[in-house]
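Structure record follows, encoded as structure tokens.
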2 protein chains.
Amino acid sequence: MTVMYDRVALIGLGLIASSMFWAMKRGGIAGEVIGYARSSETRDVAREIGLCDRVCDSAAEACEGADLIVLCVPIGAMDAVSREIAGALKKGAVVTDVGSVKRAVIDVVGPHIPDGVHFVPGHPLAGTEQSGPRSGFAELFDNRWCVLTPEGADADATAKLRKYWEALGSNVDEMDADHHDLVLAVTSHTPHLIAYTMVGVADDLSRVTDTEVVKFSAAGFRDFTRIAASDPTMWRDVFLNNKDATLEILGRFTEELFALQRAIRQGDGEHLHDYFTRTRSIRRGIIEAGQDTDAPNFGRNPKP
Amino acid sequence: MTVMYDRVALIGLGLIASSMFWAMKRGGIAGEVIGYARSSETRDVAREIGLCDRVCDSAAEACEGADLIVLCVPIGAMDAVSREIAGALKKGAVVTDVGSVKRAVIDVVGPHIPDGVHFVPGHPLAGTEQSGPRSGFAELFDNRWCVLTPEGADADATAKLRKYWEALGSNVDEMDADHHDLVLAVTSHTPHLIAYTMVGVADDLSRVTDTEVVKFSAAGFRDFTRIAASDPTMWRDVFLNNKDATLEILGRFTEELFALQRAIRQGDGEHLHDYFTRTRSIRRGIIEAGQDTDAPNFGRNPKP
């Protein structure tokens, strides 16, 4: 494999950064990887498990001499962290990020990027419900998509970052930041909010005990609990920073839900049957695109 | 293993019935298993793949001489099928069912059960998103729960049916039919309706193309598409027959969703963070109870 960046700095050492590190090692993509995390506990874990070639105690120090700087912190921390590193960025360096919302990140990070440094925002659409420095693994990005929203960033820097994500295992797309935020509101943010809500409702119901919710969860509910086990800070920041698109899709969702609710109340079986038939085809598309397993129950059943 | 019923009749040959057949064969639980399906195509498939020791062309014929009759048809077909078999049931036989709603089944099946025949309603809380005679497998019920709602049915018949489900691999619980319907509205029916709705919304959005929804589905949305790929007829009948409990839980869901929506609109990060933290613990309970895998992403990631 070819080294694409001599020195890469990972700012924040959670699921995405740690997976990027292991994927870089797997592919021999970076000469040296420097890490930084705000919490000293996370830095200790990183040193203990060999996450990053070197772990620094400040974000600015981690960025010194780096050719690629990846901001892997929750969106609410992007402003502070980009202020902190601005003075340490070398000419010609590329700054990117992995935030789940792009317009808000561009708005807060963009102004701190010095002249001669390229900012190419990005978002790898990959993850698990786990978080922290121990949760990463090299295969996380394999056959997933990474979206870049360059918004006029330097073409060479963008092209190189694209190749870098491909070397990590991703497919890469480019789009406008606002469109990204709308697409993600549909495929990620609203589904997460709905899952959190459903789990909260079940948790609240005093007539149905916790034990019953747990015991009988395999009838559908358990699927929602995986998503609703995701990192609370990350998701708080997503909703605070993709407010408009999320509220718009939530409005659409509520509208549809009310239509189905009325069909149930009125006993309109035809409406329900038509609706439930239509939704089957998207799953086939997702399986054909290699974005999910075709094994029943996501393969969680014991094999025959 | 011990034969528990000399002759078992499976009325309807979809996912649940075919899984019951393979689980009975695995455990040597039934002397002979007779099957019936309304569609001749399903009966042909059953004969082709050896599903049931004998496949009959009428439900009444399949029930002749049977010691246990299991109604495995959508809830909307329970009335017709129980009328059809009533005259063929032998004295001392046990009739049960696998319907996802219990009060409605009791109301329509109960009146057709002749004197001297025991009706013990049941519901195995197990399944996959697949359906039809080819979708069953012997392990489906292993460590899942089966709920019986005997409502004063013969104690010996109930005890024996309980042991039968345990022999199929299930844990067994008994409860009141109305309570069952409420619990299932929380752990199964409302989650399914919400998943169908979310998938329908994504399908509808013309500004986000199908391709984008499919490509970027791994960010959360794909989880909903599994549930929304379930059998439309079965689910139409569930909602038409568990109307009150589903509408009640939907009301609770909407209330919570509106509270979170307002928190997003008002930028109330503390409310969101608290909510998202609370919902994590239920998943731990589900994993500890052996009702879901602890592997990230349900184990769908390539292994490191």
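We name chains A, B, ... following the order of the structure tokens; residues begin at 1 in each chain, and ligands are numbered from 1 as shown.
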
Notebook entry, point to check: Do you know which residues are at most 12 Å from A:Pro150 counting only C-alpha atoms, after dropping those on the same chain fewer than 4 positions away, and could you put them as a list in words?
Noted result: Val94, Val95, Thr96, Asp97, Lys102, Arg103, Ile106, Gly110, His118, Phe119, Val120, Pro121, Gly122, His123, Asp154, Ala155, Asp156, Ala157, Thr158, Ala159, Leu161, Arg162, Asp173, Glu174, Met175, Asp176, Ala177, Asp178 and His180 of chain A

Quick check: residues of chain B within 6 Å of chain A, only C-alpha atoms, returned as an mmCIF file with N, CA, C and O atoms, in the first residue's frame.
data_model
loop_
_atom_site.group_PDB
_atom_site.id
_atom_site.type_symbol
_atom_site.label_atom_id
_atom_site.label_comp_id
_atom_site.auth_asym_id
_atom_site.auth_seq_id
_atom_site.Cartn_x
_atom_site.Cartn_y
_atom_site.Cartn_z
ATOM 1 N N LEU B 125 -43.736 -15.377 20.630
ATOM 2 C CA LEU B 125 -43.144 -14.083 20.272
ATOM 3 C C LEU B 125 -41.814 -14.320 19.572
ATOM 4 O O LEU B 125 -40.736 -14.119 20.135
ATOM 5 N N THR B 128 -39.343 -13.695 11.927
ATOM 6 C CA THR B 128 -38.349 -12.964 11.146
ATOM 7 C C THR B 128 -39.162 -12.101 10.184
ATOM 8 O O THR B 128 -40.391 -12.145 10.201
ATOM 9 N N THR B 187 -44.304 -3.651 22.602
ATOM 10 C CA THR B 187 -43.054 -4.296 22.180
ATOM 11 C C THR B 187 -43.068 -4.755 20.731
ATOM 12 O O THR B 187 -42.048 -5.197 20.220
ATOM 13 N N SER B 188 -44.216 -4.636 20.073
ATOM 14 C CA SER B 188 -44.254 -5.174 18.714
ATOM 15 C C SER B 188 -45.113 -4.344 17.755
ATOM 16 O O SER B 188 -44.641 -3.916 16.708
ATOM 17 N N PRO B 191 -43.978 -0.454 17.430
ATOM 18 C CA PRO B 191 -42.704 -0.411 16.701
ATOM 19 C C PRO B 191 -42.842 -0.762 15.210
ATOM 20 O O PRO B 191 -42.212 -0.137 14.363
ATOM 21 N N THR B 197 -44.008 3.448 8.841
ATOM 22 C CA THR B 197 -44.200 4.869 8.552
ATOM 23 C C THR B 197 -42.895 5.518 8.101
ATOM 24 O O THR B 197 -42.852 6.239 7.102
ATOM 25 N N GLY B 200 -42.037 4.487 4.694
ATOM 26 C CA GLY B 200 -42.944 5.140 3.754
ATOM 27 C C GLY B 200 -42.553 6.587 3.505
ATOM 28 O O GLY B 200 -42.593 7.065 2.364
ATOM 29 N N VAL B 214 -31.133 4.362 -0.267
ATOM 30 C CA VAL B 214 -30.538 3.026 -0.230
ATOM 31 C C VAL B 214 -29.050 3.093 0.127
ATOM 32 O O VAL B 214 -28.588 2.400 1.033
ATOM 33 N N SER B 217 -28.334 4.130 3.798
ATOM 34 C CA SER B 217 -29.243 3.506 4.767
ATOM 35 C C SER B 217 -28.527 2.969 6.003
ATOM 36 O O SER B 217 -29.132 2.804 7.057
ATOM 37 N N ALA B 219 -26.735 4.330 7.983
ATOM 38 C CA ALA B 219 -26.662 5.317 9.060
ATOM 39 C C ALA B 219 -27.835 5.214 10.031
ATOM 40 O O ALA B 219 -27.991 6.058 10.896
ATOM 41 N N GLY B 220 -28.649 4.184 9.906
ATOM 42 C CA GLY B 220 -29.742 3.989 10.851
ATOM 43 C C GLY B 220 -31.010 3.452 10.188
ATOM 44 O O GLY B 220 -31.647 2.534 10.679
ATOM 45 N N PHE B 221 -31.324 4.012 9.029
ATOM 46 C CA PHE B 221 -32.569 3.705 8.355
ATOM 47 C C PHE B 221 -32.740 2.214 8.030
ATOM 48 O O PHE B 221 -33.852 1.670 8.135
ATOM 49 N N THR B 225 -36.078 -0.930 7.854
ATOM 50 C CA THR B 225 -36.587 -1.604 6.658
ATOM 51 C C THR B 225 -36.767 -3.099 6.873
ATOM 52 O O THR B 225 -37.555 -3.727 6.177
ATOM 53 N N ALA B 229 -40.433 -4.978 6.192
ATOM 54 C CA ALA B 229 -40.516 -5.961 5.119
ATOM 55 C C ALA B 229 -41.367 -7.167 5.546
ATOM 56 O O ALA B 229 -41.464 -8.157 4.840
ATOM 57 N N PRO B 232 -47.503 -8.137 4.869
ATOM 58 C CA PRO B 232 -48.530 -7.084 4.927
ATOM 59 C C PRO B 232 -49.898 -7.562 5.423
ATOM 60 O O PRO B 232 -50.579 -6.837 6.148
ATOM 61 N N ARG B 236 -51.663 -6.024 8.647
ATOM 62 C CA ARG B 236 -52.956 -5.351 8.525
ATOM 63 C C ARG B 236 -53.909 -5.908 9.578
ATOM 64 O O ARG B 236 -54.547 -5.153 10.321
ATOM 65 N N LEU B 240 -55.893 -4.011 12.719
ATOM 66 C CA LEU B 240 -57.356 -3.967 12.726
ATOM 67 C C LEU B 240 -57.911 -4.636 13.978
ATOM 68 O O LEU B 240 -59.011 -4.303 14.428
ATOM 69 N N LEU B 257 -42.846 12.190 21.297
ATOM 70 C CA LEU B 257 -42.158 12.693 20.107
ATOM 71 C C LEU B 257 -42.293 14.214 20.034
ATOM 72 O O LEU B 257 -41.332 14.923 19.715
ATOM 73 N N ILE B 264 -35.896 20.082 20.454
ATOM 74 C CA ILE B 264 -35.031 20.387 19.310
ATOM 75 C C ILE B 264 -35.274 21.827 18.860
ATOM 76 O O ILE B 264 -34.341 22.616 18.697
ATOM 77 N N GLY B 267 -33.850 24.245 21.195
ATOM 78 C CA GLY B 267 -32.424 24.074 21.481
ATOM 79 C C GLY B 267 -32.147 23.607 22.898
ATOM 80 O O GLY B 267 -31.122 23.951 23.489
ATOM 81 N N LEU B 272 -32.624 16.701 25.711
ATOM 82 C CA LEU B 272 -32.266 15.656 24.741
ATOM 83 C C LEU B 272 -31.224 14.711 25.338
ATOM 84 O O LEU B 272 -31.367 13.481 25.251
ATOM 85 N N HIS B 273 -30.193 15.261 25.941
ATOM 86 C CA HIS B 273 -29.119 14.426 26.477
ATOM 87 C C HIS B 273 -29.645 13.500 27.574
ATOM 88 O O HIS B 273 -29.314 12.305 27.613
ATOM 89 N N PHE B 276 -31.696 10.685 25.944
ATOM 90 C CA PHE B 276 -30.882 9.710 25.199
ATOM 91 C C PHE B 276 -30.017 8.868 26.135
ATOM 92 O O PHE B 276 -29.557 7.790 25.764
ATOM 93 N N THR B 277 -29.776 9.361 27.330
ATOM 94 C CA THR B 277 -28.983 8.601 28.297
ATOM 95 C C THR B 277 -29.841 7.514 28.944
ATOM 96 O O THR B 277 -29.418 6.373 29.110
ATOM 97 N N THR B 279 -32.395 5.921 27.784
ATOM 98 C CA THR B 279 -32.824 4.815 26.930
ATOM 99 C C THR B 279 -31.735 3.751 26.728
ATOM 100 O O THR B 279 -32.006 2.696 26.160
ATOM 101 N N ARG B 280 -30.524 4.045 27.188
ATOM 102 C CA ARG B 280 -29.447 3.061 26.986
ATOM 103 C C ARG B 280 -29.620 1.806 27.833
ATOM 104 O O ARG B 280 -29.205 0.725 27.446
ATOM 105 N N ARG B 283 -31.482 -1.534 26.640
ATOM 106 C CA ARG B 283 -30.747 -2.438 25.752
ATOM 107 C C ARG B 283 -29.851 -3.393 26.544
ATOM 108 O O ARG B 283 -29.778 -4.573 26.224
ATOM 109 N N ILE B 286 -31.953 -6.179 27.759
ATOM 110 C CA ILE B 286 -32.342 -7.108 26.690
ATOM 111 C C ILE B 286 -31.196 -8.054 26.351
ATOM 112 O O ILE B 286 -31.383 -9.263 26.147
ATOM 113 N N PRO B 296 -21.763 -5.446 18.037
ATOM 114 C CA PRO B 296 -22.105 -4.157 17.437
ATOM 115 C C PRO B 296 -22.843 -4.357 16.108
ATOM 116 O O PRO B 296 -22.549 -5.307 15.374
ATOM 117 N N ASN B 297 -23.789 -3.457 15.837
ATOM 118 C CA ASN B 297 -24.555 -3.551 14.584
ATOM 119 C C ASN B 297 -25.235 -4.904 14.408
ATOM 120 O O ASN B 297 -25.366 -5.382 13.270
#

Checklist line | stretch 50-269 of chain B: residues DSSP assigns to strand (DSSP E), reported as a PyMOL selection string | finding: chain B and resi 54-56+68-71+94-97+118-119+122-125+145-148+171-174

Return chain A as a tab-separated table (two decimals) with C-alpha atoms, in the first residue's frame, after superposing it on chain B by a least-squares fit that covers all C-alpha atoms paired in order.
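Generated file (out-v8.tsv):
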chain	number	residue	atom	x	y	z
A	1	MET	CA	-37.50	-37.26	23.17
A	2	THR	CA	-41.08	-38.06	24.06
A	3	VAL	CA	-44.03	-37.80	21.71
A	4	MET	CA	-46.40	-35.31	23.36
A	5	TYR	CA	-49.26	-35.37	20.87
A	6	ASP	CA	-49.87	-38.30	18.56
A	7	ARG	CA	-51.28	-36.15	15.80
A	8	VAL	CA	-50.79	-32.42	15.34
A	9	ALA	CA	-52.62	-30.39	12.68
A	10	LEU	CA	-51.06	-27.15	11.43
A	11	ILE	CA	-53.68	-24.94	9.80
A	12	GLY	CA	-51.80	-22.42	7.68
A	13	LEU	CA	-48.22	-23.12	6.57
A	14	GLY	CA	-46.26	-19.89	6.85
A	15	LEU	CA	-43.20	-18.91	8.88
A	16	ILE	CA	-44.56	-19.94	12.28
A	17	ALA	CA	-46.19	-23.23	11.25
A	18	SER	CA	-43.20	-24.33	9.20
A	19	SER	CA	-40.86	-23.48	12.08
A	20	MET	CA	-43.12	-25.43	14.46
A	21	PHE	CA	-42.95	-28.42	12.13
A	22	TRP	CA	-39.15	-28.42	11.98
A	23	ALA	CA	-38.93	-27.87	15.74
A	24	MET	CA	-41.33	-30.79	16.34
A	25	LYS	CA	-39.19	-33.01	14.10
A	26	ARG	CA	-36.03	-31.87	15.83
A	27	GLY	CA	-37.48	-32.77	19.21
A	28	GLY	CA	-39.51	-35.85	18.24
A	29	ILE	CA	-42.46	-34.15	19.90
A	30	ALA	CA	-45.30	-35.22	17.61
A	31	GLY	CA	-46.24	-38.62	16.24
A	32	GLU	CA	-47.55	-37.27	12.98
A	33	VAL	CA	-47.97	-33.72	11.67
A	34	ILE	CA	-50.74	-32.92	9.21
A	35	GLY	CA	-50.73	-29.63	7.34
A	36	TYR	CA	-53.21	-27.49	5.49
A	37	ALA	CA	-52.87	-24.20	3.63
A	38	ARG	CA	-55.59	-22.34	1.77
A	39	SER	CA	-53.44	-21.72	-1.29
A	40	SER	CA	-52.75	-24.73	-3.49
A	41	GLU	CA	-49.38	-23.22	-4.34
A	42	THR	CA	-48.38	-23.29	-0.67
A	43	ARG	CA	-49.60	-26.89	-0.36
A	44	ASP	CA	-47.50	-27.84	-3.40
A	45	VAL	CA	-44.41	-26.21	-1.90
A	46	ALA	CA	-45.05	-27.98	1.40
A	47	ARG	CA	-45.27	-31.36	-0.34
A	48	GLU	CA	-42.15	-30.60	-2.34
A	49	ILE	CA	-39.97	-29.69	0.64
A	50	GLY	CA	-41.36	-32.31	3.01
A	51	LEU	CA	-43.11	-29.80	5.24
A	52	CYS	CA	-45.58	-31.96	7.23
A	53	ASP	CA	-45.96	-35.71	7.10
A	54	ARG	CA	-49.14	-35.25	5.11
A	55	VAL	CA	-50.70	-32.19	3.50
A	56	CYS	CA	-54.52	-32.10	3.16
A	57	ASP	CA	-56.64	-30.10	0.74
A	58	SER	CA	-59.14	-29.02	3.36
A	59	ALA	CA	-58.76	-27.70	6.89
A	60	ALA	CA	-61.45	-30.04	8.23
A	61	GLU	CA	-59.71	-33.09	6.78
A	62	ALA	CA	-56.41	-31.99	8.34
A	63	CYS	CA	-58.05	-31.79	11.76
A	64	GLU	CA	-59.64	-35.24	11.73
A	65	GLY	CA	-58.29	-37.29	14.58
A	66	ALA	CA	-55.80	-34.57	15.59
A	67	ASP	CA	-54.90	-34.23	19.28
A	68	LEU	CA	-53.53	-30.72	18.86
A	69	ILE	CA	-54.75	-28.23	16.27
A	70	VAL	CA	-52.70	-25.08	15.78
A	71	LEU	CA	-54.31	-22.20	13.92
A	72	CYS	CA	-51.47	-20.43	12.11
A	73	VAL	CA	-53.45	-18.15	9.81
A	74	PRO	CA	-53.64	-14.33	9.80
A	75	ILE	CA	-56.06	-13.07	12.46
A	76	GLY	CA	-58.59	-12.02	9.84
A	77	ALA	CA	-58.88	-15.65	8.70
A	78	MET	CA	-59.38	-17.14	12.20
A	79	ASP	CA	-63.17	-16.85	12.16
A	80	ALA	CA	-63.64	-18.65	8.83
A	81	VAL	CA	-61.12	-21.36	9.59
A	82	SER	CA	-62.56	-22.17	13.00
A	83	ARG	CA	-66.06	-22.46	11.54
A	84	GLU	CA	-64.66	-24.81	8.92
A	85	ILE	CA	-62.93	-27.18	11.32
A	86	ALA	CA	-65.47	-27.15	14.18
A	87	GLY	CA	-67.27	-30.29	13.03
A	88	ALA	CA	-64.06	-32.27	12.56
A	89	LEU	CA	-62.60	-31.81	16.04
A	90	LYS	CA	-62.41	-34.92	18.17
A	91	LYS	CA	-63.40	-35.00	21.85
A	92	GLY	CA	-60.51	-34.08	24.11
A	93	ALA	CA	-58.56	-32.34	21.36
A	94	VAL	CA	-56.75	-29.09	22.13
A	95	VAL	CA	-57.08	-26.12	19.80
A	96	THR	CA	-54.52	-23.35	20.06
A	97	ASP	CA	-53.39	-20.52	17.80
A	98	VAL	CA	-50.34	-18.36	17.20
A	99	GLY	CA	-52.06	-15.01	16.58
A	100	SER	CA	-50.29	-11.79	17.60
A	101	VAL	CA	-53.51	-10.45	19.17
A	102	LYS	CA	-55.35	-12.53	21.74
A	103	ARG	CA	-58.65	-10.87	22.67
A	104	ALA	CA	-59.85	-10.71	19.07
A	105	VAL	CA	-58.91	-14.34	18.45
A	106	ILE	CA	-60.70	-15.47	21.59
A	107	ASP	CA	-63.79	-13.54	20.50
A	108	VAL	CA	-63.99	-15.09	17.05
A	109	VAL	CA	-62.61	-18.59	17.63
A	110	GLY	CA	-64.08	-19.29	21.08
A	111	PRO	CA	-67.73	-19.57	20.02
A	112	HIS	CA	-66.94	-22.25	17.42
A	113	ILE	CA	-65.14	-24.62	19.79
A	114	PRO	CA	-67.43	-27.62	20.50
A	115	ASP	CA	-68.04	-28.98	23.99
A	116	GLY	CA	-65.33	-31.38	25.06
A	117	VAL	CA	-62.65	-29.63	23.01
A	118	HIS	CA	-60.18	-27.36	24.84
A	119	PHE	CA	-59.24	-23.96	23.47
A	120	VAL	CA	-55.98	-22.55	24.84
A	121	PRO	CA	-54.96	-19.40	22.93
A	122	GLY	CA	-51.25	-18.81	22.48
A	123	HIS	CA	-48.72	-16.50	20.89
A	124	PRO	CA	-45.08	-17.38	20.25
A	125	LEU	CA	-43.14	-14.09	20.27
A	126	ALA	CA	-40.73	-15.09	17.58
A	127	GLY	CA	-40.42	-14.43	13.90
A	128	THR	CA	-38.35	-12.97	11.14
A	129	GLU	CA	-39.18	-10.52	8.37
A	130	GLN	CA	-39.63	-13.47	6.00
A	131	SER	CA	-42.82	-15.38	5.36
A	132	GLY	CA	-44.21	-18.41	3.59
A	133	PRO	CA	-43.67	-22.19	3.82
A	134	ARG	CA	-39.97	-22.03	2.93
A	135	SER	CA	-39.08	-19.51	5.65
A	136	GLY	CA	-39.33	-21.74	8.72
A	137	PHE	CA	-36.49	-23.28	10.71
A	138	ALA	CA	-36.32	-25.42	13.82
A	139	GLU	CA	-34.47	-22.90	15.99
A	140	LEU	CA	-36.93	-20.02	15.66
A	141	PHE	CA	-38.41	-20.46	19.14
A	142	ASP	CA	-35.20	-21.23	21.03
A	143	ASN	CA	-35.00	-18.97	24.09
A	144	ARG	CA	-37.91	-16.83	22.84
A	145	TRP	CA	-41.14	-16.47	24.80
A	146	CYS	CA	-44.52	-17.97	24.13
A	147	VAL	CA	-47.49	-16.39	25.91
A	148	LEU	CA	-50.58	-18.47	26.69
A	149	THR	CA	-53.84	-16.72	27.58
A	150	PRO	CA	-55.91	-19.67	28.87
A	151	GLU	CA	-58.75	-17.60	30.38
A	152	GLY	CA	-60.08	-20.50	32.42
A	153	ALA	CA	-59.25	-23.23	29.91
A	154	ASP	CA	-58.78	-26.77	31.23
A	155	ALA	CA	-55.73	-26.82	33.51
A	156	ASP	CA	-54.34	-30.12	32.22
A	157	ALA	CA	-54.68	-29.07	28.60
A	158	THR	CA	-52.94	-25.78	29.42
A	159	ALA	CA	-50.14	-27.47	31.35
A	160	LYS	CA	-49.52	-29.88	28.48
A	161	LEU	CA	-49.48	-27.11	25.88
A	162	ARG	CA	-46.97	-25.26	28.04
A	163	LYS	CA	-44.69	-28.29	28.05
A	164	TYR	CA	-45.13	-28.61	24.30
A	165	TRP	CA	-43.89	-25.02	23.72
A	166	GLU	CA	-41.00	-25.64	26.08
A	167	ALA	CA	-40.12	-28.72	24.04
A	168	LEU	CA	-40.12	-26.50	20.93
A	169	GLY	CA	-37.44	-24.37	22.64
A	170	SER	CA	-39.57	-21.57	24.13
A	171	ASN	CA	-39.94	-20.07	27.54
A	172	VAL	CA	-43.64	-19.89	28.44
A	173	ASP	CA	-45.66	-17.25	30.27
A	174	GLU	CA	-49.36	-17.06	31.04
A	175	MET	CA	-51.32	-13.84	31.25
A	176	ASP	CA	-54.66	-12.18	30.69
A	177	ALA	CA	-55.50	-11.63	27.01
A	178	ASP	CA	-56.01	-7.87	27.39
A	179	HIS	CA	-52.69	-7.45	29.15
A	180	HIS	CA	-51.02	-9.46	26.39
A	181	ASP	CA	-52.51	-7.14	23.79
A	182	LEU	CA	-51.23	-4.06	25.62
A	183	VAL	CA	-47.73	-5.49	26.13
A	184	LEU	CA	-47.55	-6.46	22.48
A	185	ALA	CA	-48.77	-3.03	21.40
A	186	VAL	CA	-45.65	-1.70	23.15
A	187	THR	CA	-43.05	-4.30	22.19
A	188	SER	CA	-44.24	-5.18	18.72
A	189	HIS	CA	-47.26	-3.51	17.14
A	190	THR	CA	-46.37	0.15	17.62
A	191	PRO	CA	-42.69	-0.43	16.70
A	192	HIS	CA	-43.84	-2.09	13.49
A	193	LEU	CA	-46.22	0.73	12.61
A	194	ILE	CA	-43.52	3.30	13.23
A	195	ALA	CA	-41.03	1.40	11.11
A	196	TYR	CA	-43.54	1.11	8.28
A	197	THR	CA	-44.20	4.86	8.56
A	198	MET	CA	-40.53	5.85	8.49
A	199	VAL	CA	-39.87	3.68	5.46
A	200	GLY	CA	-42.95	5.12	3.75
A	201	VAL	CA	-41.74	8.68	4.41
A	202	ALA	CA	-38.32	7.91	2.92
A	203	ASP	CA	-39.96	6.27	-0.08
A	204	ASP	CA	-42.10	9.38	-0.67
A	205	LEU	CA	-39.48	12.10	-0.50
A	206	SER	CA	-38.89	13.29	-4.00
A	207	ARG	CA	-35.96	15.53	-3.12
A	208	VAL	CA	-34.07	12.57	-1.75
A	209	THR	CA	-33.76	9.96	-4.44
A	210	ASP	CA	-34.33	6.27	-3.87
A	211	THR	CA	-30.67	5.70	-4.58
A	212	GLU	CA	-29.60	8.02	-1.79
A	213	VAL	CA	-31.98	6.41	0.69
A	214	VAL	CA	-30.53	3.02	-0.22
A	215	LYS	CA	-26.88	4.07	-0.35
A	216	PHE	CA	-26.96	5.92	2.94
A	217	SER	CA	-29.23	3.51	4.77
A	218	ALA	CA	-26.50	2.12	7.03
A	219	ALA	CA	-26.66	5.33	9.06
A	220	GLY	CA	-29.75	3.99	10.85
A	221	PHE	CA	-32.57	3.70	8.36
A	222	ARG	CA	-31.78	0.14	7.24
A	223	ASP	CA	-32.77	-1.21	10.65
A	224	PHE	CA	-36.34	0.00	10.08
A	225	THR	CA	-36.58	-1.60	6.67
A	226	ARG	CA	-36.23	-5.11	8.09
A	227	ILE	CA	-39.35	-4.81	10.21
A	228	ALA	CA	-41.15	-2.99	7.40
A	229	ALA	CA	-40.51	-5.98	5.12
A	230	SER	CA	-42.79	-8.19	7.22
A	231	ASP	CA	-45.94	-9.80	5.83
A	232	PRO	CA	-48.52	-7.10	4.93
A	233	THR	CA	-51.60	-9.28	5.47
A	234	MET	CA	-50.52	-10.42	8.90
A	235	TRP	CA	-49.78	-6.86	9.97
A	236	ARG	CA	-52.95	-5.37	8.52
A	237	ASP	CA	-54.89	-7.89	10.63
A	238	VAL	CA	-52.86	-7.12	13.74
A	239	PHE	CA	-53.71	-3.42	13.59
A	240	LEU	CA	-57.36	-3.99	12.74
A	241	ASN	CA	-57.66	-6.37	15.69
A	242	ASN	CA	-55.61	-4.61	18.35
A	243	LYS	CA	-56.98	-1.19	17.58
A	244	ASP	CA	-57.47	0.21	21.08
A	245	ALA	CA	-54.13	-0.79	22.59
A	246	THR	CA	-52.21	0.28	19.48
A	247	LEU	CA	-53.95	3.66	19.32
A	248	GLU	CA	-53.28	4.17	23.02
A	249	ILE	CA	-49.56	3.46	22.70
A	250	LEU	CA	-49.39	5.52	19.51
A	251	GLY	CA	-50.89	8.41	21.49
A	252	ARG	CA	-48.15	8.05	24.10
A	253	PHE	CA	-45.56	7.84	21.37
A	254	THR	CA	-46.77	11.01	19.66
A	255	GLU	CA	-46.83	12.86	22.97
A	256	GLU	CA	-43.20	11.94	23.66
A	257	LEU	CA	-42.17	12.69	20.10
A	258	PHE	CA	-43.72	16.16	20.31
A	259	ALA	CA	-41.84	16.83	23.57
A	260	LEU	CA	-38.55	15.89	21.91
A	261	GLN	CA	-39.48	17.88	18.81
A	262	ARG	CA	-40.07	20.94	20.98
A	263	ALA	CA	-36.72	20.38	22.73
A	264	ILE	CA	-35.04	20.38	19.31
A	265	ARG	CA	-36.89	23.51	18.23
A	266	GLN	CA	-36.02	25.32	21.46
A	267	GLY	CA	-32.43	24.08	21.47
A	268	ASP	CA	-32.90	22.33	24.83
A	269	GLY	CA	-29.79	20.15	24.76
A	270	GLU	CA	-30.15	19.08	28.37
A	271	HIS	CA	-33.58	17.54	27.78
A	272	LEU	CA	-32.28	15.66	24.74
A	273	HIS	CA	-29.13	14.43	26.48
A	274	ASP	CA	-31.08	13.21	29.51
A	275	TYR	CA	-33.56	11.38	27.33
A	276	PHE	CA	-30.89	9.72	25.20
A	277	THR	CA	-28.99	8.62	28.30
A	278	ARG	CA	-32.03	7.01	29.94
A	279	THR	CA	-32.83	4.81	26.93
A	280	ARG	CA	-29.45	3.06	26.99
A	281	SER	CA	-30.21	0.86	29.98
A	282	ILE	CA	-33.10	-1.08	28.42
A	283	ARG	CA	-30.76	-2.42	25.75
A	284	ARG	CA	-28.39	-3.72	28.39
A	285	GLY	CA	-31.34	-5.54	30.00
A	286	ILE	CA	-32.34	-7.10	26.69
A	287	ILE	CA	-28.83	-8.34	26.01
A	288	GLU	CA	-28.49	-9.73	29.54
A	289	ALA	CA	-31.80	-11.57	29.09
A	290	GLY	CA	-30.42	-13.26	25.97
A	291	GLN	CA	-33.04	-11.57	23.76
A	292	ASP	CA	-30.50	-9.87	21.48
A	293	THR	CA	-26.88	-10.10	20.48
A	294	ASP	CA	-24.29	-7.83	22.08
A	295	ALA	CA	-22.30	-7.69	18.85
A	296	PRO	CA	-22.11	-4.13	17.43
A	297	ASN	CA	-24.57	-3.54	14.59
A	298	PHE	CA	-26.29	-6.86	15.44
A	299	GLY	CA	-23.09	-8.55	14.24
A	300	ARG	CA	-23.49	-7.28	10.68
A	301	ASN	CA	-19.98	-5.80	10.59
A	302	PRO	CA	-17.19	-7.82	9.09
A	303	LYS	CA	-15.25	-9.27	11.99
A	304	PRO	CA	-11.92	-7.63	12.86

Next item on the list: Going by DSSP on the backbone, which bits of stretch 73-301 of chain A are alpha helix (DSSP H)? Write them as JSON, numbers by chain, please.
Entry: {"A": [78, 79, 80, 81, 82, 83, 84, 85, 103, 104, 105, 106, 107, 108, 109, 155, 156, 157, 158, 159, 160, 161, 162, 163, 164, 165, 166, 167, 177, 178, 179, 180, 181, 182, 183, 184, 190, 191, 192, 193, 194, 195, 196, 197, 198, 199, 200, 201, 202, 203, 204, 210, 211, 212, 213, 214, 215, 221, 222, 223, 224, 225, 226, 227, 232, 233, 234, 235, 236, 237, 238, 239, 240, 241, 243, 244, 245, 246, 247, 248, 249, 250, 251, 252, 253, 254, 255, 256, 257, 258, 259, 260, 261, 262, 263, 264, 265, 266, 269, 270, 271, 272, 273, 274, 275, 276, 277, 278, 280, 281, 282, 283, 284, 285, 286, 287, 288]}
